[in-house]
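Contents: one structure, followed by commentary.
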Amino acid sequence: MPQSRSFQVDCQHRVAFTRDVFDPANPALAEVLSQSAERRLIAFVDEGVAHTHPDLGTRLEQYLATRTHAGEALPSLRMIEVVSGGEASKNSMSVAQQVLAATDLHGIDRKSFVLAIGGGAVLDAVGFGATIAHRGVRLIRLPTTTLAMDDAAMGVKNGINHFGKKNFIGTFAVPWAVIADELFLHTLTDRHFLSGFSEAVKIACLKDPALFDAIERDASRIRARDYSAAMPIIARSATLHLDHITQSGDPFELCEARPLDFGHWAAHKLESLSDYAITHGEAVAIGIALDCEYAVLSHLLDAEIAARIRNCLHALALPTWHPLLMRVDHLAQGLEEFREHLGGQLTVTHLRSMGSASEVHEIDHAILAAAAAALAPRASP
């Protein structure tokens, strides 16, 4: 008779929000690298970040040198390498292969470090390489976009796209640390700064009506890049994502219910159908609007709440419709891909009221088509 054992692995998920992480007076990075004098560090930088911050490599070198000179036991920096940015970094194995090659070349062992600096896609791709090298070396994420700070960097997932499917290849692994530096947000375009707030809207709808109230109230200030309004929203969203990962009891998604994927089944399909011309944040905004409209037509959600969510997304300059929504047959393929990704029964999260959701296991294609049509902009009379 087969024997069965249940066991747990104790993990730490270190997260810090800071400002100017490479200022030698800032201890945030040194604290997660401390007591590692005999270890090594390799860094990978999103090409867009490297272009916007051409002195980043020099500042990292100076930071480590200054703090080491002051007597701290920090790893030696062996390499800084620029990698392709955006979704392109996830559409092949090339970035992961760069990480593997550098890990081998520079003797990065399981207690040495890979530092990933970039948006969510680069964190995913570099993280995938780091987690398959030696079955996992220590990964430190420095997210540089709103979406990466308020959502993606907080998770325990790494992956790349394949077969035209989002995150088809990937791993679950807890990062050694996540350090979010506000200053990186200041150099984002308005489009990329704002698109990440769709994830804050998502988690607010699911878990924190007071956060939704704050986003709704301060949307115009966020849109105007008022960081005194934006940063508390980003930090609260990050905390809610982190709490779900560390306290929900299912961090590696062994169950079929994935509430944080509210709005995401359609988002992932829209991204691939558009050849990733639609950003992930924009696709999530559209997916949230679609799922809310479907819930309204299915008598699960009050229409006033759905309208309130759409208006909030619009106030953040986020879309709630795209012509690709009218390709319902193609869009519905995303449901099967999502079911396959879940590993069994289709489970889609639908909002029932602000702060409350439930799962459904079937999607009616006729209602889906009606929901998509309902979101289409009306022609002026």
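Residues in the structure tokens are numbered from 1 in each chain, the chains being A, B, ... in the order shown, and ligands are numbered from 1 in the order shown.
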ask   = Out of region 104-165 of chain A, which residues get helix (DSSP H, G or I) from DSSP, as a PyMOL selection string?
value = chain A and resi 104-105+120-135+146-150+152-154
Contacts between region 74-78 of chain A and region 101-128 of chain A, please, where a residue of region 101-128 of chain A counts if it comes within 12 Å (with only C-alpha atoms); show its shortest atom pair and distance in Å to one decimal, rows by chain and ascending number, as JSON lines.
```
{"residue": "A:Ala102", "atom": "CA", "partner": "A:Arg78", "partner_atom": "CA", "distance": 9.4}
{"residue": "A:Thr103", "atom": "CA", "partner": "A:Arg78", "partner_atom": "CA", "distance": 10.1}
{"residue": "A:Asp104", "atom": "CA", "partner": "A:Arg78", "partner_atom": "CA", "distance": 11.9}
{"residue": "A:Leu105", "atom": "CA", "partner": "A:Arg78", "partner_atom": "CA", "distance": 9.8}
{"residue": "A:His106", "atom": "CA", "partner": "A:Arg78", "partner_atom": "CA", "distance": 6.7}
{"residue": "A:Gly107", "atom": "CA", "partner": "A:Arg78", "partner_atom": "CA", "distance": 9.4}
{"residue": "A:Ile108", "atom": "CA", "partner": "A:Arg78", "partner_atom": "CA", "distance": 9.4}
{"residue": "A:Asp109", "atom": "CA", "partner": "A:Pro75", "partner_atom": "CA", "distance": 11.9}
{"residue": "A:Lys111", "atom": "CA", "partner": "A:Pro75", "partner_atom": "CA", "distance": 10.2}
{"residue": "A:Ser112", "atom": "CA", "partner": "A:Pro75", "partner_atom": "CA", "distance": 7.6}
{"residue": "A:Phe113", "atom": "CA", "partner": "A:Pro75", "partner_atom": "CA", "distance": 8.2}
{"residue": "A:Val114", "atom": "CA", "partner": "A:Leu77", "partner_atom": "CA", "distance": 10.1}
{"residue": "A:Leu115", "atom": "CA", "partner": "A:Leu77", "partner_atom": "CA", "distance": 10.2}
```
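Between CA of Gly281 (chain A) and CA of Glu199 (chain A) the separation is 7.0 Å.
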Quick one: which region 179-221 of chain A residues come within 10 Å of region 22-34 of chain A, and what is the nearest atom pair for each with the distance in Å to one decimal, counting only C-alpha atoms, rows ordered by chain and ascending number, as JSON lines?
```
{"residue": "A:Ile179", "atom": "CA", "partner": "A:Leu29", "partner_atom": "CA", "distance": 7.4}
{"residue": "A:Ala180", "atom": "CA", "partner": "A:Ala28", "partner_atom": "CA", "distance": 9.8}
{"residue": "A:Asp181", "atom": "CA", "partner": "A:Phe22", "partner_atom": "CA", "distance": 9.4}
```
inquiry  = If we count only C-alpha atoms and set the cut-off at 10 Å, which residues sit around Met326 (chain A), ignoring sequence neighbours fewer than 4 positions away in its own chain? Please answer as JSON, numbers by chain.
reply    = {"A": [321, 322, 330, 331, 368, 369, 370, 371, 372, 373, 376]}
query = For the atom pair CA of Ala307 (chain A) and CA of Ala285 (chain A), what is the interatomic distance in Å to one decimal place?
reply = 13.1 Å
Enumerate, in order of chain and increasing residue number, the residues of region 252-328 of chain A with an atom no farther than 9 Å from region 209-222 of chain A, each with its shortest atom pair and distance in Å to one decimal, counting only C-alpha atoms, as JSON lines.
```
{"residue": "A:Arg308", "atom": "CA", "partner": "A:Glu216", "partner_atom": "CA", "distance": 8.8}
{"residue": "A:Ile309", "atom": "CA", "partner": "A:Glu216", "partner_atom": "CA", "distance": 8.6}
{"residue": "A:Asn311", "atom": "CA", "partner": "A:Glu216", "partner_atom": "CA", "distance": 8.6}
{"residue": "A:Cys312", "atom": "CA", "partner": "A:Glu216", "partner_atom": "CA", "distance": 5.5}
{"residue": "A:Leu313", "atom": "CA", "partner": "A:Glu216", "partner_atom": "CA", "distance": 8.6}
{"residue": "A:Ala315", "atom": "CA", "partner": "A:Ala219", "partner_atom": "CA", "distance": 5.8}
{"residue": "A:Leu316", "atom": "CA", "partner": "A:Ala219", "partner_atom": "CA", "distance": 5.7}
```
Would you save the residues of that selection, restricted to C-alpha atoms, as a JSON list (two decimals), in the first residue's frame?
```json
[["chain", "number", "residue", "atom", "x", "y", "z"],
["A", 308, "ARG", "CA", -19.36, 52.52, -11.14],
["A", 309, "ILE", "CA", -16.39, 50.23, -11.88],
["A", 311, "ASN", "CA", -16.51, 54.87, -14.70],
["A", 312, "CYS", "CA", -13.59, 54.46, -12.31],
["A", 313, "LEU", "CA", -11.55, 52.70, -15.01],
["A", 315, "ALA", "CA", -11.35, 58.10, -14.93],
["A", 316, "LEU", "CA", -7.95, 56.37, -14.85]]
```
Taking only C-alpha atoms into account, produce a table as a Markdown table in which each residue of region 185-302 of chain A with an atom at most 7 Å from an atom of region 348-358 of chain A appears once, together with its shortest atom pair and the distance in Å to one decimal, ordered by chain and rising number.
```
| residue | atom | partner | partner_atom | distance |
| --- | --- | --- | --- | --- |
| A:Cys205 | CA | A:Met354 | CA | 5.3 |
| A:Leu206 | CA | A:Gly355 | CA | 4.6 |
| A:Lys207 | CA | A:Gly355 | CA | 4.8 |
| A:Asp208 | CA | A:Gly355 | CA | 5.7 |
| A:Pro209 | CA | A:Gly355 | CA | 5.6 |
| A:Pro259 | CA | A:Thr349 | CA | 5.6 |
| A:Phe262 | CA | A:Thr349 | CA | 5.3 |
| A:Asp291 | CA | A:His350 | CA | 6.5 |
| A:Cys292 | CA | A:Leu351 | CA | 6.7 |
| A:Ala295 | CA | A:His350 | CA | 6.4 |
| A:Leu300 | CA | A:Arg352 | CA | 5.5 |
| A:Leu301 | CA | A:Arg352 | CA | 4.8 |
```
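Between CA of Leu41 (chain A) and CA of Val137 (chain A) the separation is 10.5 Å.
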